[in-house]
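Dumped run19.cif below, it's mmCIF, C-alpha atoms and all ligand atoms:
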```
data_coords
loop_
_atom_site.label_atom_id
_atom_site.label_comp_id
_atom_site.auth_asym_id
_atom_site.auth_seq_id
_atom_site.Cartn_x
_atom_site.Cartn_y
_atom_site.Cartn_z
CA MET A 1 92.10 -90.46 -19.92
CA ARG A 2 90.66 -91.00 -23.39
CA LEU A 3 93.52 -91.71 -25.78
CA GLY A 4 93.36 -91.09 -29.52
CA VAL A 5 95.95 -92.95 -31.57
CA ILE A 6 96.88 -91.50 -34.96
CA GLY A 7 98.82 -94.15 -36.91
CA PHE A 8 97.98 -97.72 -35.93
CA GLY A 9 101.05 -99.44 -37.36
CA ASN A 10 103.70 -101.47 -35.56
CA MET A 11 104.27 -99.10 -32.66
CA GLY A 12 100.93 -97.33 -32.23
CA SER A 13 99.07 -100.65 -32.17
CA ALA A 14 101.67 -102.29 -29.88
CA ILE A 15 101.11 -99.57 -27.27
CA ALA A 16 97.32 -99.63 -27.57
CA LYS A 17 97.12 -103.43 -27.45
CA GLY A 18 99.57 -103.48 -24.53
CA PHE A 19 97.36 -101.06 -22.56
CA VAL A 20 94.30 -103.23 -23.17
CA SER A 21 95.92 -106.59 -22.40
CA LYS A 22 97.55 -105.29 -19.20
CA LYS A 23 94.31 -103.52 -18.21
CA ALA A 24 95.98 -100.11 -18.05
CA MET A 25 93.10 -98.81 -20.19
CA ASP A 26 89.64 -99.92 -21.14
CA ILE A 27 89.44 -100.52 -24.88
CA THR A 28 86.41 -98.19 -25.04
CA ASN A 29 88.72 -95.30 -24.07
CA ILE A 30 91.06 -95.83 -27.02
CA GLY A 31 90.16 -94.26 -30.36
CA VAL A 32 92.05 -94.97 -33.56
CA PHE A 33 92.61 -93.21 -36.85
CA ASP A 34 94.84 -94.56 -39.61
CA THR A 35 94.84 -93.47 -43.24
CA TYR A 36 94.97 -97.10 -44.39
CA ASP A 37 91.43 -98.58 -44.62
CA LYS A 38 92.50 -102.16 -43.89
CA THR A 39 94.28 -101.05 -40.71
CA ARG A 40 91.15 -99.23 -39.52
CA GLU A 41 89.03 -102.30 -40.30
CA ASN A 42 91.39 -104.57 -38.35
CA ALA A 43 91.43 -102.21 -35.38
CA HIS A 44 87.62 -102.10 -35.47
CA ARG A 45 87.48 -105.90 -35.50
CA GLU A 46 89.77 -105.94 -32.45
CA GLY A 47 87.30 -103.72 -30.59
CA PHE A 48 88.89 -100.26 -30.81
CA SER A 49 86.73 -97.22 -31.60
CA ILE A 50 87.48 -96.13 -35.12
CA TYR A 51 87.29 -92.60 -36.51
CA ASN A 52 87.23 -91.68 -40.15
CA ASP A 53 89.33 -88.57 -39.74
CA GLU A 54 91.88 -87.07 -37.35
CA ILE A 55 89.66 -84.20 -36.30
CA GLU A 56 86.78 -86.38 -35.04
CA LEU A 57 89.28 -88.53 -33.15
CA ILE A 58 90.89 -85.50 -31.47
CA LYS A 59 87.46 -84.18 -30.43
CA HIS A 60 86.83 -87.43 -28.55
CA SER A 61 90.28 -87.61 -26.90
CA ASP A 62 92.07 -86.04 -23.92
CA ALA A 63 95.50 -87.00 -25.25
CA VAL A 64 96.53 -87.80 -28.81
CA LEU A 65 99.31 -90.29 -29.52
CA ILE A 66 101.10 -89.45 -32.76
CA ALA A 67 102.48 -92.70 -34.18
CA VAL A 68 103.11 -92.03 -37.87
CA LYS A 69 106.48 -92.28 -39.59
CA PRO A 70 108.70 -89.16 -39.35
CA ILE A 71 108.20 -88.41 -43.04
CA HIS A 72 104.41 -88.07 -42.54
CA ALA A 73 104.59 -86.02 -39.35
CA LYS A 74 104.82 -82.43 -40.67
CA VAL A 75 101.77 -82.66 -42.93
CA LEU A 76 99.79 -84.34 -40.15
CA PHE A 77 100.71 -81.81 -37.45
CA GLU A 78 99.94 -78.87 -39.74
CA LYS A 79 96.60 -80.44 -40.63
CA ILE A 80 95.51 -80.97 -37.01
CA ALA A 81 97.08 -77.80 -35.53
CA LYS A 82 93.86 -75.78 -35.29
CA ASP A 83 91.86 -78.66 -33.77
CA ILE A 84 94.22 -79.64 -30.96
CA GLU A 85 92.91 -76.93 -28.62
CA ASP A 86 93.86 -77.97 -25.07
CA LYS A 87 94.52 -81.64 -25.84
CA LEU A 88 97.87 -83.14 -24.90
CA ILE A 89 100.04 -84.28 -27.80
CA VAL A 90 102.08 -87.41 -27.10
CA SER A 91 104.61 -87.98 -29.86
CA ILE A 92 106.63 -91.16 -30.37
CA VAL A 93 108.06 -89.96 -33.69
CA ALA A 94 111.79 -90.66 -33.74
CA GLY A 95 114.07 -87.67 -34.18
CA LEU A 96 111.30 -85.10 -34.03
CA GLU A 97 111.96 -82.51 -31.34
CA SER A 98 109.26 -80.81 -29.27
CA THR A 99 110.35 -77.37 -30.51
CA THR A 100 109.81 -78.50 -34.11
CA ILE A 101 106.39 -79.92 -33.26
CA LYS A 102 105.45 -76.66 -31.52
CA SER A 103 106.65 -74.64 -34.50
CA TRP A 104 103.96 -76.52 -36.49
CA ILE A 105 101.10 -76.54 -33.99
CA GLY A 106 101.77 -73.51 -31.78
CA CYS A 107 104.19 -72.94 -28.91
CA ASP A 108 101.33 -72.73 -26.38
CA LYS A 109 100.48 -76.42 -26.95
CA ARG A 110 101.38 -79.19 -24.50
CA VAL A 111 103.66 -81.87 -25.96
CA LEU A 112 105.10 -84.96 -24.32
CA ARG A 113 107.65 -86.97 -26.26
CA ILE A 114 107.95 -90.67 -25.54
CA MET A 115 110.42 -93.12 -27.04
CA PRO A 116 108.85 -96.58 -26.78
CA ASN A 117 109.80 -99.99 -28.09
CA THR A 118 107.81 -102.85 -29.58
CA PRO A 119 107.78 -105.24 -26.55
CA ALA A 120 105.09 -102.84 -25.27
CA ILE A 121 102.64 -105.22 -26.90
CA VAL A 122 103.45 -107.93 -24.32
CA GLY A 123 103.84 -105.52 -21.41
CA GLU A 124 107.65 -105.60 -21.49
CA GLY A 125 108.40 -102.31 -23.20
CA VAL A 126 110.93 -99.60 -22.39
CA PHE A 127 109.64 -96.03 -22.44
CA ALA A 128 111.66 -92.84 -22.16
CA LEU A 129 109.36 -89.97 -21.17
CA ASP A 130 110.61 -86.43 -21.75
CA SER A 131 111.33 -84.81 -18.38
CA ASP A 132 111.46 -81.38 -20.07
CA SER A 133 107.86 -81.68 -21.29
CA ASN A 134 105.36 -78.89 -20.60
CA ALA A 135 102.55 -81.44 -19.98
CA ARG A 136 100.57 -80.85 -16.78
CA ASP A 137 101.64 -82.76 -13.66
CA ASP A 138 98.39 -84.73 -13.58
CA GLU A 139 98.90 -85.76 -17.24
CA LYS A 140 102.51 -86.81 -16.53
CA LYS A 141 101.34 -88.86 -13.56
CA THR A 142 98.56 -90.56 -15.54
CA LEU A 143 100.83 -91.39 -18.47
CA GLU A 144 103.59 -92.64 -16.18
CA SER A 145 101.15 -95.00 -14.54
CA MET A 146 99.69 -96.18 -17.88
CA PHE A 147 103.08 -96.85 -19.45
CA SER A 148 104.40 -98.46 -16.24
CA ALA A 149 101.71 -101.09 -16.70
CA ILE A 150 103.32 -102.14 -20.00
CA GLY A 151 107.01 -101.82 -19.19
CA LEU A 152 109.81 -99.75 -17.73
CA VAL A 153 109.36 -95.97 -17.56
CA GLU A 154 112.34 -93.62 -17.29
CA TRP A 155 112.04 -89.83 -17.31
CA VAL A 156 114.86 -88.59 -19.54
CA GLU A 157 115.85 -85.10 -20.66
CA GLU A 158 114.94 -84.45 -24.27
CA ARG A 159 118.61 -83.90 -25.23
CA LEU A 160 119.13 -87.64 -24.52
CA PHE A 161 116.32 -88.84 -26.78
CA PRO A 162 118.67 -89.64 -29.69
CA VAL A 163 120.64 -92.19 -27.65
CA VAL A 164 117.47 -93.65 -26.14
CA THR A 165 116.17 -94.07 -29.68
CA GLY A 166 119.39 -95.86 -30.65
CA LEU A 167 119.47 -98.07 -27.54
CA SER A 168 115.99 -99.10 -26.42
CA GLY A 169 113.93 -97.79 -29.35
CA GLY A 170 115.86 -99.82 -31.92
CA GLY A 171 117.16 -102.41 -29.45
CA PRO A 172 114.56 -105.10 -30.24
CA ALA A 173 115.94 -105.28 -33.79
CA TYR A 174 119.48 -105.93 -32.56
CA VAL A 175 118.29 -108.47 -30.01
CA ALA A 176 116.22 -110.22 -32.68
CA MET A 177 119.31 -110.42 -34.90
CA PHE A 178 121.30 -111.90 -32.01
CA ILE A 179 118.61 -114.51 -31.36
CA GLU A 180 118.48 -115.37 -35.05
CA ALA A 181 122.26 -115.73 -35.18
CA LEU A 182 122.30 -118.00 -32.10
CA ALA A 183 119.61 -120.14 -33.71
CA ASP A 184 121.49 -120.26 -37.03
CA ALA A 185 124.53 -121.59 -35.19
CA GLY A 186 122.35 -124.22 -33.54
CA VAL A 187 120.99 -125.28 -36.94
CA LEU A 188 124.52 -125.34 -38.37
CA HIS A 189 125.40 -127.93 -35.76
CA GLY A 190 122.30 -130.06 -36.15
CA LEU A 191 119.46 -128.60 -34.07
CA LYS A 192 116.01 -128.33 -35.62
CA ARG A 193 115.11 -124.73 -36.50
CA ASP A 194 112.14 -124.43 -34.15
CA VAL A 195 114.06 -125.95 -31.24
CA ALA A 196 117.06 -123.68 -31.93
CA ILE A 197 114.88 -120.54 -32.01
CA LYS A 198 113.11 -121.51 -28.78
CA MET A 199 116.39 -122.23 -26.99
CA ALA A 200 118.05 -119.04 -28.26
CA THR A 201 115.07 -116.89 -27.31
CA LYS A 202 114.73 -118.36 -23.84
CA THR A 203 118.48 -117.96 -23.28
CA VAL A 204 118.19 -114.22 -23.99
CA LEU A 205 115.04 -113.87 -21.87
CA GLY A 206 116.48 -115.90 -19.00
CA SER A 207 119.82 -114.07 -18.96
CA ALA A 208 118.04 -110.71 -18.98
CA ALA A 209 115.73 -111.84 -16.16
CA GLN A 210 118.70 -113.09 -14.11
CA ILE A 211 120.49 -109.73 -14.46
CA LEU A 212 117.33 -107.78 -13.63
CA GLU A 213 116.14 -109.92 -10.73
CA THR A 214 119.48 -110.55 -9.00
CA GLY A 215 120.86 -107.10 -9.76
CA ILE A 216 124.23 -108.47 -10.86
CA HIS A 217 126.38 -106.59 -13.36
CA PRO A 218 126.31 -108.24 -16.81
CA ALA A 219 130.08 -108.83 -16.57
CA VAL A 220 129.52 -110.91 -13.42
CA LEU A 221 127.08 -113.17 -15.25
CA LYS A 222 129.58 -113.56 -18.09
CA ASP A 223 132.30 -114.54 -15.59
CA MET A 224 129.97 -117.01 -13.82
CA VAL A 225 129.45 -118.88 -17.10
CA CYS A 226 133.09 -118.97 -18.19
CA SER A 227 134.83 -121.93 -16.53
CA PRO A 228 138.64 -121.77 -16.55
CA ALA A 229 139.88 -123.34 -19.79
CA GLY A 230 136.22 -124.23 -20.45
CA THR A 231 133.95 -124.00 -23.46
CA THR A 232 132.34 -120.57 -23.00
CA ILE A 233 135.60 -118.61 -22.78
CA GLU A 234 136.42 -119.98 -26.25
CA GLY A 235 133.14 -118.47 -27.49
CA VAL A 236 133.81 -115.21 -25.67
CA LYS A 237 137.25 -114.97 -27.29
CA ALA A 238 135.68 -115.58 -30.71
CA LEU A 239 133.19 -112.76 -30.05
CA GLU A 240 136.08 -110.45 -29.07
CA ASP A 241 138.00 -111.53 -32.23
CA TYR A 242 134.98 -110.50 -34.28
CA SER A 243 134.61 -107.18 -32.38
CA PHE A 244 131.15 -108.12 -31.09
CA ARG A 245 130.99 -105.45 -28.40
CA ALA A 246 132.53 -102.75 -30.61
CA GLY A 247 129.96 -103.70 -33.27
CA VAL A 248 127.08 -103.28 -30.85
CA ILE A 249 128.41 -99.92 -29.63
CA GLU A 250 128.78 -98.80 -33.26
CA ALA A 251 125.22 -99.90 -34.01
CA VAL A 252 123.71 -97.85 -31.18
CA SER A 253 125.98 -94.90 -32.09
CA ALA A 254 124.93 -95.04 -35.76
CA ALA A 255 121.24 -95.04 -34.79
CA THR A 256 121.84 -92.23 -32.29
CA LEU A 257 123.53 -90.11 -34.96
CA LYS A 258 120.71 -90.77 -37.42
CA SER A 259 118.18 -89.77 -34.77
CA LYS A 260 120.06 -86.47 -34.24
CA LYS A 261 119.98 -85.79 -38.00
N1 LIG A 301 108.63 -99.48 -34.97
C1 LIG A 301 109.32 -99.26 -33.85
O1 LIG A 301 109.95 -100.16 -33.27
C2 LIG A 301 109.35 -97.88 -33.25
C3 LIG A 301 108.79 -96.81 -33.90
N2 LIG A 301 108.84 -95.55 -33.35
C4 LIG A 301 108.22 -94.44 -34.05
O2 LIG A 301 106.85 -94.74 -34.18
C5 LIG A 301 106.34 -94.14 -35.37
C6 LIG A 301 105.54 -95.18 -36.14
O3 LIG A 301 106.42 -96.22 -36.53
P1 LIG A 301 105.83 -97.63 -36.96
O4 LIG A 301 104.65 -97.96 -36.14
O5 LIG A 301 106.97 -98.55 -36.99
O6 LIG A 301 105.37 -97.29 -38.45
P2 LIG A 301 104.24 -98.04 -39.30
O7 LIG A 301 104.51 -97.68 -40.72
O8 LIG A 301 104.15 -99.46 -38.90
O9 LIG A 301 102.90 -97.31 -38.82
C7 LIG A 301 102.57 -96.02 -39.19
C8 LIG A 301 101.08 -95.99 -39.47
O10 LIG A 301 100.69 -94.66 -39.71
C9 LIG A 301 99.72 -94.65 -40.75
N3 LIG A 301 99.68 -93.27 -41.27
C10 LIG A 301 100.56 -92.65 -42.11
N4 LIG A 301 100.19 -91.36 -42.26
C11 LIG A 301 99.11 -91.16 -41.49
C12 LIG A 301 98.28 -90.04 -41.22
N5 LIG A 301 98.52 -88.85 -41.76
N6 LIG A 301 97.24 -90.19 -40.38
C13 LIG A 301 96.98 -91.40 -39.82
N7 LIG A 301 97.73 -92.50 -40.04
C14 LIG A 301 98.77 -92.38 -40.86
C15 LIG A 301 100.14 -95.73 -41.69
O11 LIG A 301 99.06 -96.20 -42.48
C16 LIG A 301 100.67 -96.78 -40.71
O12 LIG A 301 99.67 -97.71 -40.34
C17 LIG A 301 107.54 -93.60 -36.15
O13 LIG A 301 107.58 -92.22 -36.06
C18 LIG A 301 108.74 -94.22 -35.46
O14 LIG A 301 109.85 -93.35 -35.46
C19 LIG A 301 109.41 -95.34 -32.14
C20 LIG A 301 109.98 -96.35 -31.45
C21 LIG A 301 110.00 -97.71 -31.94
O1 LIG A 302 113.95 -97.19 -36.87
C1 LIG A 302 113.32 -96.22 -36.47
O2 LIG A 302 113.47 -95.11 -36.99
C2 LIG A 302 112.36 -96.37 -35.32
C3 LIG A 302 112.76 -95.54 -34.13
C4 LIG A 302 113.22 -96.50 -33.10
C5 LIG A 302 112.86 -97.80 -33.63
N1 LIG A 302 112.36 -97.71 -34.82
#
```
Kindly present the structure from the file in structure tokens form.
Amino acid sequence: MRLGVIGFGNMGSAIAKGFVSKKAMDITNIGVFDTYDKTRENAHREGFSIYNDEIELIKHSDAVLIAVKPIHAKVLFEKIAKDIEDKLIVSIVAGLESTTIKSWIGCDKRVLRIMPNTPAIVGEGVFALDSDSNARDDEKKTLESMFSAIGLVEWVEERLFPVVTGLSGGGPAYVAMFIEALADAGVLHGLKRDVAIKMATKTVLGSAAQILETGIHPAVLKDMVCSPAGTTIEGVKALEDYSFRAGVIEAVSAATLKSKK
């Protein structure tokens, strides 16, 4: 599959670079168009095929990944509508439903929504693929295999895309804040900043790997760490006092609501 990427910012480039580094795609099969000259130049330097407009890129693609901000989507879709022909549209635009996209480009067009996240760039992404999509079976199979090479793929009904956006789409931001806060606490008590960040990051990575690889419930890991009358249960109580879990649930809910709007 030749993939055209429109919008080579944080997320579009993370996916494309992830595909290349995990050998899910040959770089020669990925075309890029971005309105920002510097971004196109950088992509060219990295070895991607650059196009100077959307239409040329679409002509040379089998599927087109739309990775612009929601505010730029309508103008873009209306501009490319007549040139899409039988190409598959893959949209990662948050909060933008397939029916809306089709109202701009034509209801006969094939659209597959995907909600990705930034760890795609290191092959550790999470991707919700729309199980209600009218993409062809062979296209669904190809995309599933490509995205599986750079992370976890789950087929999810489109009605659940808002919560996926709030949970895994935005999740890296919450996790990054948690890591930063752990590191700040380390610095507060005397650790060097770089050591504190490394230890905090590896603690998150290691805990996640332990849960994934052993299959234990997160609550079991928490209980394993909390010795009776020990140190960790004091920290857990402090987190409960500060409504840590309620705060996280509120965060995902707020992002989910915004995605619905
Ligand atoms: N950043 C993230 O973690 C995630 C982002 N998304 C979605 O991905 C999309 C892109 O987000 P980011 O990469 O963060 O934004 P970004 O601002 O980093 O990248 C967007 C890129 O699109 C370019 N652009 C704008 N209008 C264009 C047009 N008409 N034609 C070609 N290029 C154009 C910009 O120059 C920019 O390089 C958004 O719709 C967002 O909802 C989804 C999941 C996660
Ligand atoms: O904040 C946003 O709107 C996008 C969607 C998910 C992550 N970033």
- Item | Shell of 10 Å around ligand LIG 302 (chain A) (all atoms listed in the file), written as a count of residues only | 27
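The shortest atom-to-atom distance to A:Val20, with only C-alpha atoms taken into account, belongs to A:Ala149 out of A:Arg245, A:Ala149, A:Val156, A:Asp194.
Each of A:Lys23, A:Lys38, A:His72, A:Arg2 was checked against ligand LIG 301 (chain A) using all atoms listed in the file; the smallest atom-to-atom distance is that of A:His72.
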- Task: Within 10 Å of A:Ala183, counting only C-alpha atoms, which residues show up once you throw out same-chain ones fewer than 2 positions away? Write them as a PyMOL selection string, please.
- Result: chain A and resi 177-181+185-189+191-201
List the neighbours of stretch 75-88 of chain A out to 9 Å using only C-alpha atoms; skip same-chain residues closer than 5 positions along the sequence, and give me the result as a CSV table (one decimal) with C-alpha atoms, keeping the file's coordinate frame.
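This is the output file around.csv:
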```csv
chain,number,residue,atom,x,y,z
A,54,GLU,CA,91.9,-87.1,-37.4
A,55,ILE,CA,89.7,-84.2,-36.3
A,58,ILE,CA,90.9,-85.5,-31.5
A,59,LYS,CA,87.5,-84.2,-30.4
A,61,SER,CA,90.3,-87.6,-26.9
A,62,ASP,CA,92.1,-86.0,-23.9
A,63,ALA,CA,95.5,-87.0,-25.2
A,64,VAL,CA,96.5,-87.8,-28.8
A,65,LEU,CA,99.3,-90.3,-29.5
A,66,ILE,CA,101.1,-89.4,-32.8
A,68,VAL,CA,103.1,-92.0,-37.9
A,101,ILE,CA,106.4,-79.9,-33.3
A,104,TRP,CA,104.0,-76.5,-36.5
A,105,ILE,CA,101.1,-76.5,-34.0
A,106,GLY,CA,101.8,-73.5,-31.8
A,109,LYS,CA,100.5,-76.4,-27.0
A,110,ARG,CA,101.4,-79.2,-24.5
A,111,VAL,CA,103.7,-81.9,-26.0
A,112,LEU,CA,105.1,-85.0,-24.3
A,135,ALA,CA,102.6,-81.4,-20.0
A,136,ARG,CA,100.6,-80.8,-16.8
A,139,GLU,CA,98.9,-85.8,-17.2
```
- Item | Exercise: stretch 122-130 of chain A partners within 6 Å, all atoms listed in the file, chain neighbours under 5 positions left out, as number ranges by chain | A: 18, 113-117, 150-158
Enclosing box along x, y and z for every listed atom of ligand LIG 301 (chain A), padded 3 Å each side, centre and size in Å, one decimal, as JSON:
```
{"center_x": 103.5, "center_y": -94.5, "center_z": -37.0, "size_x": 19.0, "size_y": 17.3, "size_z": 17.0}
```
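The nearest approach to A:Ser145 among the residues A:Val5, A:Thr231, A:Met25, A:Ala73, with only C-alpha atoms taken into account, belongs to A:Met25.
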- Point-to-point distance in Å for atom CA of A:Ala208 and atom CA of A:Phe244: 18.0 Å
